[in-house]
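Structure file model_20.csv; described as CSV, C-alpha atoms.
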chain,number,residue,atom,x,y,z
A,29,MET,CA,0.0,0.0,0.0
A,30,ALA,CA,0.9,3.7,-0.4
A,31,ASN,CA,3.1,5.3,2.3
A,32,ASN,CA,3.8,1.8,3.6
A,33,GLN,CA,0.6,1.7,5.6
A,34,ASN,CA,-0.8,-1.8,6.7
A,35,PRO,CA,-4.5,-2.7,6.6
A,36,TRP,CA,-5.0,-1.6,10.2
A,37,GLY,CA,-4.6,2.1,9.3
A,38,ASN,CA,-1.4,2.7,11.3
A,39,SER,CA,2.0,1.5,10.4
A,40,ASN,CA,2.8,1.2,14.2
A,41,GLN,CA,-0.4,-1.0,14.9
A,42,THR,CA,-0.5,-4.8,14.4
A,43,PRO,CA,-3.5,-7.2,14.7
A,44,PRO,CA,-4.2,-8.4,18.2
A,45,GLU,CA,-2.9,-11.9,18.9
A,46,LEU,CA,-5.4,-14.6,20.0
A,47,ASP,CA,-3.4,-15.3,23.1
A,48,GLU,CA,-3.6,-11.7,24.2
A,49,VAL,CA,-7.4,-11.6,23.8
A,50,ILE,CA,-7.7,-14.8,25.9
A,51,ARG,CA,-5.3,-13.3,28.5
A,52,ASP,CA,-7.3,-10.1,28.6
A,53,PHE,CA,-10.6,-11.9,29.2
A,54,LYS,CA,-9.1,-14.0,31.9
A,55,ASN,CA,-7.7,-11.0,33.7
A,56,LYS,CA,-11.1,-9.3,33.6
A,57,PHE,CA,-12.8,-12.4,35.0
A,58,ASN,CA,-10.3,-12.8,37.8
A,59,SER,CA,-10.6,-9.2,38.8
A,60,VAL,CA,-14.4,-9.5,39.1
A,61,PHE,CA,-14.3,-12.6,41.3
A,62,GLY,CA,-11.4,-11.3,43.5
A,63,GLY,CA,-8.5,-12.8,41.7
A,64,GLY,CA,-5.1,-11.2,41.3
A,65,SER,CA,-4.4,-8.7,38.5
A,66,SER,CA,-2.4,-9.7,35.5
A,67,SER,CA,1.2,-9.1,35.4
A,68,ASN,CA,0.6,-7.1,32.3
A,69,SER,CA,-1.9,-4.8,34.1
A,70,SER,CA,-1.0,-1.2,33.6
A,71,GLY,CA,-2.5,0.3,36.8
A,72,SER,CA,-5.6,1.0,38.7
A,73,THR,CA,-7.5,2.5,35.7
A,74,ASN,CA,-7.3,-0.7,33.7
A,75,ALA,CA,-8.5,-2.7,36.8
A,76,GLY,CA,-11.6,-0.4,37.1
A,77,LYS,CA,-12.5,-0.9,33.5
A,78,SER,CA,-12.1,-4.7,33.9
A,79,THR,CA,-14.5,-4.7,36.9
A,80,LYS,CA,-17.1,-2.7,35.0
A,81,GLY,CA,-16.8,-5.1,32.0
A,82,GLY,CA,-17.2,-8.2,34.1
A,83,ALA,CA,-20.3,-6.8,35.8
A,84,LYS,CA,-21.8,-6.2,32.4
A,85,TYR,CA,-21.2,-9.8,31.4
A,86,LEU,CA,-22.7,-11.1,34.6
A,87,ILE,CA,-25.8,-8.9,34.1
A,88,ILE,CA,-26.2,-10.3,30.5
A,89,LEU,CA,-25.7,-13.8,31.8
A,90,ALA,CA,-28.3,-13.3,34.5
A,91,ILE,CA,-30.8,-11.9,32.0
A,92,LEU,CA,-30.3,-14.9,29.8
A,93,VAL,CA,-30.8,-17.3,32.7
A,94,TRP,CA,-33.9,-15.4,33.7
A,95,LEU,CA,-35.3,-15.5,30.2
A,96,LEU,CA,-34.5,-19.2,29.9
A,97,SER,CA,-36.4,-19.9,33.1
A,98,GLY,CA,-39.6,-19.0,31.2
A,99,ILE,CA,-39.4,-22.2,29.2
A,100,TYR,CA,-41.8,-24.9,30.5
A,101,ILE,CA,-43.2,-28.2,29.2
A,102,VAL,CA,-46.8,-29.4,29.5
A,103,ASP,CA,-47.5,-33.1,29.5
A,104,PRO,CA,-50.2,-34.7,27.3
A,105,ALA,CA,-52.5,-35.2,30.2
A,106,GLU,CA,-52.0,-31.6,31.6
A,107,ARG,CA,-53.1,-28.1,30.8
A,108,GLY,CA,-51.0,-25.1,31.5
A,109,VAL,CA,-52.8,-22.0,33.0
A,110,VAL,CA,-50.7,-18.9,32.5
A,111,LEU,CA,-51.2,-15.9,34.8
A,112,ARG,CA,-49.8,-12.4,34.2
A,113,PHE,CA,-49.4,-10.4,37.4
A,114,GLY,CA,-52.0,-12.8,39.0
A,115,ALA,CA,-54.6,-12.4,36.2
A,116,PHE,CA,-55.6,-15.2,33.9
A,117,GLN,CA,-53.9,-15.0,30.5
A,118,GLU,CA,-54.3,-18.2,28.6
A,119,ILE,CA,-54.4,-22.0,28.7
A,120,THR,CA,-51.7,-23.9,26.9
A,121,SER,CA,-51.8,-27.5,25.7
A,122,GLN,CA,-49.1,-30.2,25.6
A,123,GLY,CA,-45.6,-29.5,24.4
A,124,PRO,CA,-42.8,-26.9,25.2
A,125,HIS,CA,-43.9,-23.3,25.7
A,126,TRP,CA,-42.3,-20.0,26.8
A,127,ARG,CA,-43.7,-17.4,29.1
A,128,LEU,CA,-42.4,-14.2,30.6
A,129,PRO,CA,-40.4,-15.3,33.7
A,130,TYR,CA,-41.5,-15.0,37.2
A,131,PRO,CA,-42.7,-12.7,38.7
A,132,ILE,CA,-44.3,-11.3,35.5
A,133,GLU,CA,-46.0,-14.6,34.6
A,134,GLN,CA,-46.7,-17.9,36.3
A,135,VAL,CA,-47.9,-21.3,35.1
A,136,TYR,CA,-50.0,-23.7,37.0
A,137,LYS,CA,-50.1,-27.2,35.5
A,138,VAL,CA,-53.4,-29.1,36.0
A,139,ASN,CA,-53.9,-32.8,35.1
A,140,VAL,CA,-57.2,-33.0,33.4
A,141,GLU,CA,-57.1,-36.8,32.6
A,142,GLN,CA,-56.5,-38.1,36.1
A,143,ILE,CA,-59.4,-39.9,37.7
A,144,ARG,CA,-59.7,-38.7,41.3
A,145,ALA,CA,-61.7,-40.2,44.1
A,146,ALA,CA,-63.7,-38.8,47.0
A,147,GLU,CA,-64.9,-40.9,50.0
A,148,ILE,CA,-68.3,-40.0,51.6
A,149,GLY,CA,-69.1,-41.6,54.9
A,150,PHE,CA,-65.8,-43.4,55.4
A,151,ARG,CA,-62.0,-43.1,55.0
A,152,ASN,CA,-60.3,-45.9,53.2
A,153,VAL,CA,-57.1,-46.2,55.3
A,154,GLN,CA,-54.7,-48.9,54.1
A,155,ASN,CA,-55.2,-52.4,55.6
A,156,SER,CA,-58.4,-51.3,57.2
A,157,GLY,CA,-60.9,-51.6,54.3
A,158,TYR,CA,-64.1,-49.6,54.8
A,159,GLY,CA,-64.1,-49.9,58.6
A,160,ASN,CA,-63.3,-46.3,59.4
A,161,ASN,CA,-66.8,-45.0,59.3
A,162,VAL,CA,-67.5,-41.2,59.6
A,163,SER,CA,-70.9,-41.0,61.3
A,164,SER,CA,-71.3,-37.3,60.6
A,165,GLU,CA,-71.3,-38.0,56.9
A,166,SER,CA,-72.8,-41.5,56.7
A,167,LEU,CA,-75.8,-41.4,59.1
A,168,MET,CA,-79.0,-40.5,57.3
A,169,LEU,CA,-82.8,-40.5,57.8
A,170,THR,CA,-85.1,-42.3,55.3
A,171,LYS,CA,-88.6,-41.5,54.2
A,172,ASP,CA,-90.1,-44.0,56.7
A,173,GLU,CA,-88.1,-42.4,59.5
A,174,ASN,CA,-85.4,-45.0,59.8
A,175,MET,CA,-81.8,-44.4,60.4
A,176,ILE,CA,-79.3,-46.0,58.0
A,177,VAL,CA,-75.5,-45.7,57.3
A,178,VAL,CA,-74.6,-45.1,53.6
A,179,ASN,CA,-71.0,-45.0,52.3
A,180,LEU,CA,-70.3,-43.6,48.8
A,181,ALA,CA,-67.2,-43.7,46.6
A,182,VAL,CA,-67.2,-40.8,44.0
A,183,GLN,CA,-64.9,-40.7,41.0
A,184,TYR,CA,-64.4,-37.4,39.2
A,185,LYS,CA,-61.9,-35.5,37.0
A,186,ILE,CA,-61.2,-31.9,36.0
A,187,VAL,CA,-62.6,-30.7,32.7
A,188,ASP,CA,-62.0,-26.9,33.0
A,189,ALA,CA,-58.6,-26.0,34.5
A,190,GLN,CA,-59.4,-22.3,34.7
A,191,ALA,CA,-62.7,-22.8,36.6
A,192,TYR,CA,-61.0,-25.4,38.8
A,193,LEU,CA,-58.3,-22.9,39.9
A,194,PHE,CA,-60.2,-19.6,40.2
A,195,ASN,CA,-63.9,-20.1,40.7
A,196,VAL,CA,-64.0,-22.1,43.9
A,197,LEU,CA,-61.5,-21.9,46.8
A,198,GLN,CA,-61.5,-25.7,47.5
A,199,PRO,CA,-63.1,-27.6,44.7
A,200,GLU,CA,-62.6,-31.1,46.4
A,201,LEU,CA,-64.2,-29.9,49.6
A,202,THR,CA,-67.1,-28.4,47.6
A,203,LEU,CA,-67.6,-31.7,45.8
A,204,SER,CA,-67.7,-33.5,49.1
A,205,HIS,CA,-70.3,-31.2,50.6
A,206,VAL,CA,-72.4,-31.3,47.4
A,207,VAL,CA,-72.5,-35.1,47.3
A,208,GLN,CA,-73.4,-35.2,51.1
A,209,SER,CA,-76.3,-32.9,50.6
A,210,VAL,CA,-77.6,-34.7,47.5
A,211,ILE,CA,-77.3,-38.2,49.1
A,212,ARG,CA,-79.3,-37.0,52.1
A,213,GLN,CA,-82.0,-35.7,49.9
A,214,VAL,CA,-82.2,-38.8,47.8
A,215,VAL,CA,-82.2,-41.1,50.9
A,216,GLY,CA,-84.8,-38.9,52.5
A,217,ASP,CA,-87.1,-39.4,49.5
A,218,ASN,CA,-87.0,-43.2,49.6
A,219,THR,CA,-87.8,-45.9,52.1
A,220,MET,CA,-85.3,-47.9,54.1
A,221,ASP,CA,-86.0,-51.2,52.2
A,222,PHE,CA,-85.6,-49.6,48.8
A,223,VAL,CA,-82.2,-48.0,49.7
A,224,LEU,CA,-80.9,-51.2,51.3
A,225,THR,CA,-82.1,-53.8,48.7
A,226,THR,CA,-83.4,-53.1,45.2
A,227,GLY,CA,-82.7,-49.3,44.9
A,228,ARG,CA,-79.0,-49.2,45.4
A,229,GLU,CA,-78.2,-48.5,41.8
A,230,GLN,CA,-81.0,-46.1,41.3
A,231,VAL,CA,-79.9,-44.1,44.4
A,232,ALA,CA,-76.3,-43.9,43.0
A,233,GLN,CA,-77.5,-42.7,39.6
A,234,ALA,CA,-79.7,-40.1,41.2
A,235,VAL,CA,-76.8,-38.8,43.4
A,236,LYS,CA,-74.6,-38.6,40.3
A,237,SER,CA,-77.0,-36.6,38.2
A,238,SER,CA,-78.2,-34.2,40.9
A,239,ALA,CA,-74.6,-33.5,42.2
A,240,GLN,CA,-73.4,-32.8,38.7
A,241,VAL,CA,-76.1,-30.2,38.3
A,242,LEU,CA,-75.0,-28.4,41.4
A,243,LEU,CA,-71.3,-28.6,40.5
A,244,ASN,CA,-72.1,-27.0,37.1
A,245,ASP,CA,-74.0,-24.2,38.9
A,246,TYR,CA,-71.0,-23.5,41.1
A,247,GLN,CA,-68.7,-23.6,38.0
A,248,THR,CA,-66.2,-25.9,39.8
A,249,GLY,CA,-64.8,-27.3,36.5
A,250,LEU,CA,-65.3,-30.9,37.8
A,251,ILE,CA,-67.3,-33.7,36.3
A,252,ILE,CA,-68.4,-36.8,38.1
A,253,THR,CA,-67.6,-40.0,36.2
A,254,ALA,CA,-69.0,-42.6,38.7
A,255,VAL,CA,-70.8,-42.9,42.0
A,256,THR,CA,-70.7,-46.3,43.8
A,257,MET,CA,-72.6,-47.2,46.9
A,258,GLN,CA,-70.0,-49.1,48.9
A,259,ASP,CA,-72.2,-50.0,51.8
A,260,ALA,CA,-75.7,-49.4,53.1
A,261,GLN,CA,-76.8,-50.9,56.4
A,262,PRO,CA,-78.7,-49.9,59.6
A,263,PRO,CA,-76.7,-48.4,62.5
A,264,ILE,CA,-74.8,-50.8,64.7
A,265,GLN,CA,-77.2,-50.0,67.6
A,266,VAL,CA,-80.2,-51.6,65.8
A,267,LYS,CA,-78.4,-54.0,63.6
A,268,ALA,CA,-79.5,-57.1,65.6
A,269,ALA,CA,-83.2,-56.1,65.4
A,270,PHE,CA,-82.8,-55.3,61.7
A,271,ASP,CA,-81.2,-58.8,61.1
A,272,ASP,CA,-84.2,-60.4,62.8
A,273,VAL,CA,-86.5,-58.5,60.5
A,274,VAL,CA,-84.5,-59.4,57.5
A,275,LYS,CA,-84.6,-63.1,58.5
A,276,ALA,CA,-88.3,-63.0,59.1
A,277,ARG,CA,-88.8,-61.5,55.6
A,278,GLU,CA,-86.6,-64.2,54.1
A,279,ASP,CA,-88.6,-66.9,55.9
A,280,GLN,CA,-91.8,-65.3,54.6
A,281,GLN,CA,-90.5,-65.3,51.1
A,282,ARG,CA,-89.3,-68.9,51.5
A,283,TYR,CA,-92.8,-70.0,52.7
A,284,ILE,CA,-94.3,-68.2,49.8
A,285,ASN,CA,-92.0,-70.0,47.4
A,286,GLU,CA,-92.8,-73.3,48.9
A,287,ALA,CA,-96.5,-72.7,48.7
A,288,THR,CA,-96.2,-71.6,45.1
A,289,ALA,CA,-94.2,-74.8,44.3
A,290,TYR,CA,-96.9,-76.9,46.0
A,291,GLU,CA,-99.6,-75.1,44.0
A,292,ASN,CA,-97.7,-75.6,40.8
A,293,ASP,CA,-97.4,-79.3,41.6
A,294,ILE,CA,-100.9,-80.0,42.8
A,295,LEU,CA,-102.9,-77.9,40.3
A,296,PRO,CA,-101.7,-79.7,37.2
A,297,LYS,CA,-102.5,-83.1,38.8
A,298,ALA,CA,-106.0,-81.9,39.8
A,299,ARG,CA,-106.6,-80.5,36.3
A,300,GLY,CA,-105.4,-83.8,34.8
A,301,ALA,CA,-107.6,-85.9,37.0
A,302,SER,CA,-110.6,-83.7,36.2
A,303,GLN,CA,-109.9,-84.0,32.5
A,304,ARG,CA,-109.6,-87.8,32.9
A,305,ILE,CA,-112.9,-88.0,34.8
A,306,MET,CA,-114.6,-85.8,32.2
A,307,ALA,CA,-113.2,-88.0,29.4
A,308,GLU,CA,-114.3,-91.2,31.1
A,309,ALA,CA,-117.8,-89.7,31.6
A,310,GLU,CA,-117.9,-88.6,28.0
A,311,ALA,CA,-116.8,-92.1,26.9
A,312,TYR,CA,-119.5,-93.7,29.2
A,313,ARG,CA,-122.1,-91.4,27.8
A,314,SER,CA,-121.1,-92.3,24.3
A,315,GLN,CA,-121.1,-96.0,25.2
A,316,VAL,CA,-124.5,-95.9,26.8
A,317,THR,CA,-126.0,-93.8,24.1
A,318,SER,CA,-124.6,-96.0,21.4
A,319,LYS,CA,-125.7,-99.2,23.2
A,320,SER,CA,-129.2,-97.8,23.6
A,321,GLU,CA,-129.4,-96.8,20.0
A,322,GLY,CA,-128.1,-100.2,19.0
A,323,GLU,CA,-130.7,-102.0,21.2
A,324,SER,CA,-133.4,-99.8,19.8
A,325,ASP,CA,-132.4,-100.5,16.2
A,326,ARG,CA,-132.2,-104.2,17.1
A,327,PHE,CA,-135.7,-104.2,18.6
A,328,LYS,CA,-137.0,-102.5,15.5
A,329,GLN,CA,-135.4,-105.2,13.3
A,330,ILE,CA,-136.8,-108.0,15.5
A,331,LEU,CA,-140.2,-106.4,15.5
A,332,ALA,CA,-140.1,-106.4,11.7
A,333,GLU,CA,-139.1,-110.1,11.6
A,334,TYR,CA,-141.7,-110.9,14.3
A,335,LEU,CA,-144.5,-109.4,12.2
A,336,LYS,CA,-143.4,-111.6,9.3
A,337,ALA,CA,-143.0,-114.8,11.3
A,338,PRO,CA,-144.3,-114.6,14.9
A,339,GLU,CA,-143.8,-118.3,15.8
A,340,VAL,CA,-140.2,-118.5,14.5
A,341,THR,CA,-139.2,-115.2,16.1
A,342,ARG,CA,-140.8,-116.2,19.4
A,343,GLU,CA,-138.9,-119.5,19.4
A,344,ARG,CA,-135.6,-117.9,18.6
A,345,LEU,CA,-136.0,-115.3,21.3
A,346,TYR,CA,-136.9,-118.0,23.8
A,347,ARG,CA,-133.8,-120.1,22.9
A,348,GLU,CA,-131.5,-117.1,23.0
A,349,THR,CA,-132.8,-116.1,26.5
A,350,LEU,CA,-132.3,-119.6,27.8
A,351,GLU,CA,-128.8,-119.7,26.3
A,352,GLU,CA,-127.9,-116.4,28.0
A,353,VAL,CA,-129.4,-117.5,31.4
A,354,LEU,CA,-128.0,-121.1,31.3
A,355,SER,CA,-124.5,-119.9,30.1
A,356,THR,CA,-123.6,-118.8,33.7
A,357,THR,CA,-124.7,-122.0,35.5
A,358,ASN,CA,-123.0,-125.3,36.0
A,359,LYS,CA,-126.2,-127.3,35.8
A,360,VAL,CA,-126.8,-129.8,33.0
A,361,VAL,CA,-130.3,-130.4,31.7
A,362,VAL,CA,-130.9,-133.9,30.2
A,363,ASP,CA,-134.1,-134.8,28.4
A,364,GLY,CA,-135.9,-137.4,30.6
A,365,SER,CA,-137.3,-139.2,27.6
A,366,ALA,CA,-133.9,-140.1,26.3
A,367,ASN,CA,-132.9,-143.6,27.1
A,368,SER,CA,-129.2,-143.2,28.0
A,369,LEU,CA,-127.4,-145.0,30.8
A,370,MET,CA,-124.1,-143.4,30.1
A,371,TYR,CA,-123.0,-140.7,32.6
A,372,LEU,CA,-120.4,-138.1,31.8
A,373,PRO,CA,-119.1,-135.2,34.0
A,374,ILE,CA,-120.7,-132.7,31.6
A,375,ASP,CA,-120.6,-129.9,34.2
A,376,GLN,CA,-116.9,-130.1,34.6
A,377,LEU,CA,-116.3,-130.2,30.9
A,378,VAL,CA,-118.5,-127.1,30.5
A,379,ASN,CA,-116.6,-125.2,33.2
A,380,SER,CA,-113.2,-126.1,31.7
A,381,SER,CA,-114.3,-125.0,28.3
A,382,ARG,CA,-115.5,-121.7,29.7
A,383,THR,CA,-112.1,-121.1,31.5
A,384,ALA,CA,-110.2,-121.8,28.3
A,385,THR,CA,-112.5,-119.4,26.4
A,386,THR,CA,-111.9,-116.6,28.9
A,387,SER,CA,-108.1,-116.9,28.9
A,388,SER,CA,-107.9,-116.8,25.1
A,389,GLY,CA,-109.8,-113.5,24.9
A,390,GLN,CA,-113.4,-114.1,24.1
A,391,SER,CA,-114.3,-110.4,23.5
A,392,SER,CA,-112.5,-109.8,20.2
A,393,SER,CA,-114.3,-107.9,17.5
A,394,GLN,CA,-113.9,-110.7,15.0
A,395,SER,CA,-115.5,-113.3,17.2
A,396,GLN,CA,-118.4,-110.9,17.9
A,397,SER,CA,-118.9,-110.3,14.2
A,398,SER,CA,-118.8,-114.1,13.6
A,399,GLN,CA,-121.3,-114.7,16.4
A,400,SER,CA,-123.6,-112.1,15.0
A,401,SER,CA,-123.4,-113.5,11.5
A,402,SER,CA,-124.0,-117.1,12.8
A,403,GLY,CA,-127.0,-115.8,14.9
A,404,THR,CA,-128.4,-114.2,11.8
A,405,SER,CA,-127.9,-117.4,9.8
A,406,ILE,CA,-129.7,-119.4,12.5
A,407,LEU,CA,-132.5,-116.9,12.5
A,408,ARG,CA,-132.8,-117.2,8.7
A,409,SER,CA,-132.7,-121.0,8.8
A,410,ARG,CA,-135.5,-121.0,11.4
A,411,GLU,CA,-137.5,-118.6,9.4
A,412,VAL,CA,-137.2,-120.9,6.4
A,413,ARG,CA,-138.5,-123.8,8.5
Could I get this file's structure written as structure tokens?
Amino acid sequence: MANNQNPWGNSNQTPPELDEVIRDFKNKFNSVFGGGSSSNSSGSTNAGKSTKGGAKYLIILAILVWLLSGIYIVDPAERGVVLRFGAFQEITSQGPHWRLPYPIEQVYKVNVEQIRAAEIGFRNVQNSGYGNNVSSESLMLTKDENMIVVNLAVQYKIVDAQAYLFNVLQPELTLSHVVQSVIRQVVGDNTMDFVLTTGREQVAQAVKSSAQVLLNDYQTGLIITAVTMQDAQPPIQVKAAFDDVVKAREDQQRYINEATAYENDILPKARGASQRIMAEAEAYRSQVTSKSEGESDRFKQILAEYLKAPEVTRERLYRETLEEVLSTTNKVVVDGSANSLMYLPIDQLVNSSRTATTSSGQSSSQSQSSQSSSGTSILRSREVR
């Protein structure tokens, strides 16, 4: 360059060395934190400048740390409520966020997915079950003026983080008081038997719906997910008497069931027997009617034949009557005019033949038809004579 000038604008100046820059920064840092001055220090003026420079760096570093403290992360199940000088600013969802550091802005993280539990009438202490009863919460009066002990387990969660934090001072305590008030009203509107037996589920559902209405009116930001009746029984002072009443009621129901079973067993038998008797009577009526009609028709037929041949018909009727009468006796009639000296046990032969005929089934339809046909042929042969 012209006039033998270097790029730094002065022939007597040279670019600073890296070692000198590091040494200068180290000296300034040591002077701020009480360390000794550098051997290259040129006096009290340079030391004062170093102190002011170090303070400036510390202030910048503190500001950076303060600004970085405004970074926060919200979990997926949480909501971040941002306050600026104590006033609500916004609600942030999951992920990393930045706010103005404290005390300008604050962040409250609220878990809106967690299922929380409240115990009404008892305290579930570990290894004690539901035995720790709170009588001031559990003792209630029913519609029929009976005292009972009711324990409820309420499950709820937060749906509005802003309302949960700012509208009510103690949302959990408010929930407990609301449920206690509602359960007393529901129990007071129902009888003791209904609450202790068949109405447990209906009572729990009524408590859930009514309590949720009140919580919405108070703008607590809570929603009840489930209400379970853990226990419902009479007070310990009258439990023995109540057990006797329950046992008597169970005995009554057992007797009713036994009577119903006996009724269900005896009535079908009686109905069956009555149907059988009616069927037998109907069959007997049909038999008698048919027999009467048959005899009437037979008499008319005999009358017609008698008018045609009175002597033959009279003889036939006489012989049939004698045959019917003498068929049941063991007497043997022998014509006295017959000259016979031979004697045979005719009565015994007749009895044996009758026994054999009875054992072989003498009342078949075919034999009856053959007898009727033979009787008709005999009648005709006699009429021909």
Original post:
Contacts of A:Ile176 at 6 Å or less, counting only C-alpha atoms, minus same-chain residues fewer than 3 places along, as a VMD selection string?
Top reply: chain A and resid 167 to 168 261 to 263
Original post:
Distance atom CA of A:Val102-atom CA of A:Lys137, one decimal place?
Top reply: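 If I compute the distance from atom CA of A:Val102 to atom CA of A:Lys137, I get 7.2 Å.
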Subject >> d(atom CA of A:Val182, atom CA of A:Met257) in Å >> reply: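 Atom CA of A:Met257 lies 8.9 Å from atom CA of A:Val182.
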Subject >> Interatomic distance, atom CA of A:Ile294 to atom CA of A:Glu310 (Å, one decimal) >> reply: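 Between atom CA of A:Ile294 and atom CA of A:Glu310 the gap works out to 24.1 Å.
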Original post:
With distances taken over all atoms listed in the file, which of A:Arg347, A:Lys236, A:Lys319, A:Lys185 is nearest to A:Glu200?
Top reply: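 Closest to A:Glu200, using all atoms listed in the file: A:Lys185.
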Subject >> Spatial neighbours of stretch 238-242 of chain A, max dist 7 Å, all atoms listed in the file, sep filter under 2 positions, as a ChimeraX atom specification >> reply: /A:206-207,210,234-236,244-246,251-252
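With distances restricted to all atoms listed in the file, A:Leu250 is the closest residue to A:Asn139 from A:Thr226, A:Ala181, A:Leu250, A:Asn218.
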Subject >> Residue with smallest distance to A:Ser204 - pool A:Arg277, A:Arg313, A:Ala145, A:Val187, counting only C-alpha atoms >> reply: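 That would be A:Ala145, the residue with the smallest distance to A:Ser204.
By all atoms listed in the file, and with residues fewer than 2 positions from A:Asp188 along its chain excluded, the set lying at most 8 Å from it is Val140, Ile186, Gln190, Ala191, Tyr192, Gly249 and Leu250 of chain A.
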Resulting file, chosen residues, C-alpha atoms, as a PDB file, keeping the file's coordinate frame:
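Contents of selection32.pdb, as written:
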ATOM      1  CA  VAL A 140     -57.200 -33.000  33.400  1.00  0.00           C
ATOM      2  CA  ILE A 186     -61.200 -31.900  36.000  1.00  0.00           C
ATOM      3  CA  GLN A 190     -59.400 -22.300  34.700  1.00  0.00           C
ATOM      4  CA  ALA A 191     -62.700 -22.800  36.600  1.00  0.00           C
ATOM      5  CA  TYR A 192     -61.000 -25.400  38.800  1.00  0.00           C
ATOM      6  CA  GLY A 249     -64.800 -27.300  36.500  1.00  0.00           C
ATOM      7  CA  LEU A 250     -65.300 -30.900  37.800  1.00  0.00           C
TER       8      LEU A 250
END
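Among the candidates A:Asn55, A:Ser355, A:Asn179, A:Thr383, the residue lying nearest to A:Ala260 is A:Asn179 (atoms considered: only C-alpha atoms).
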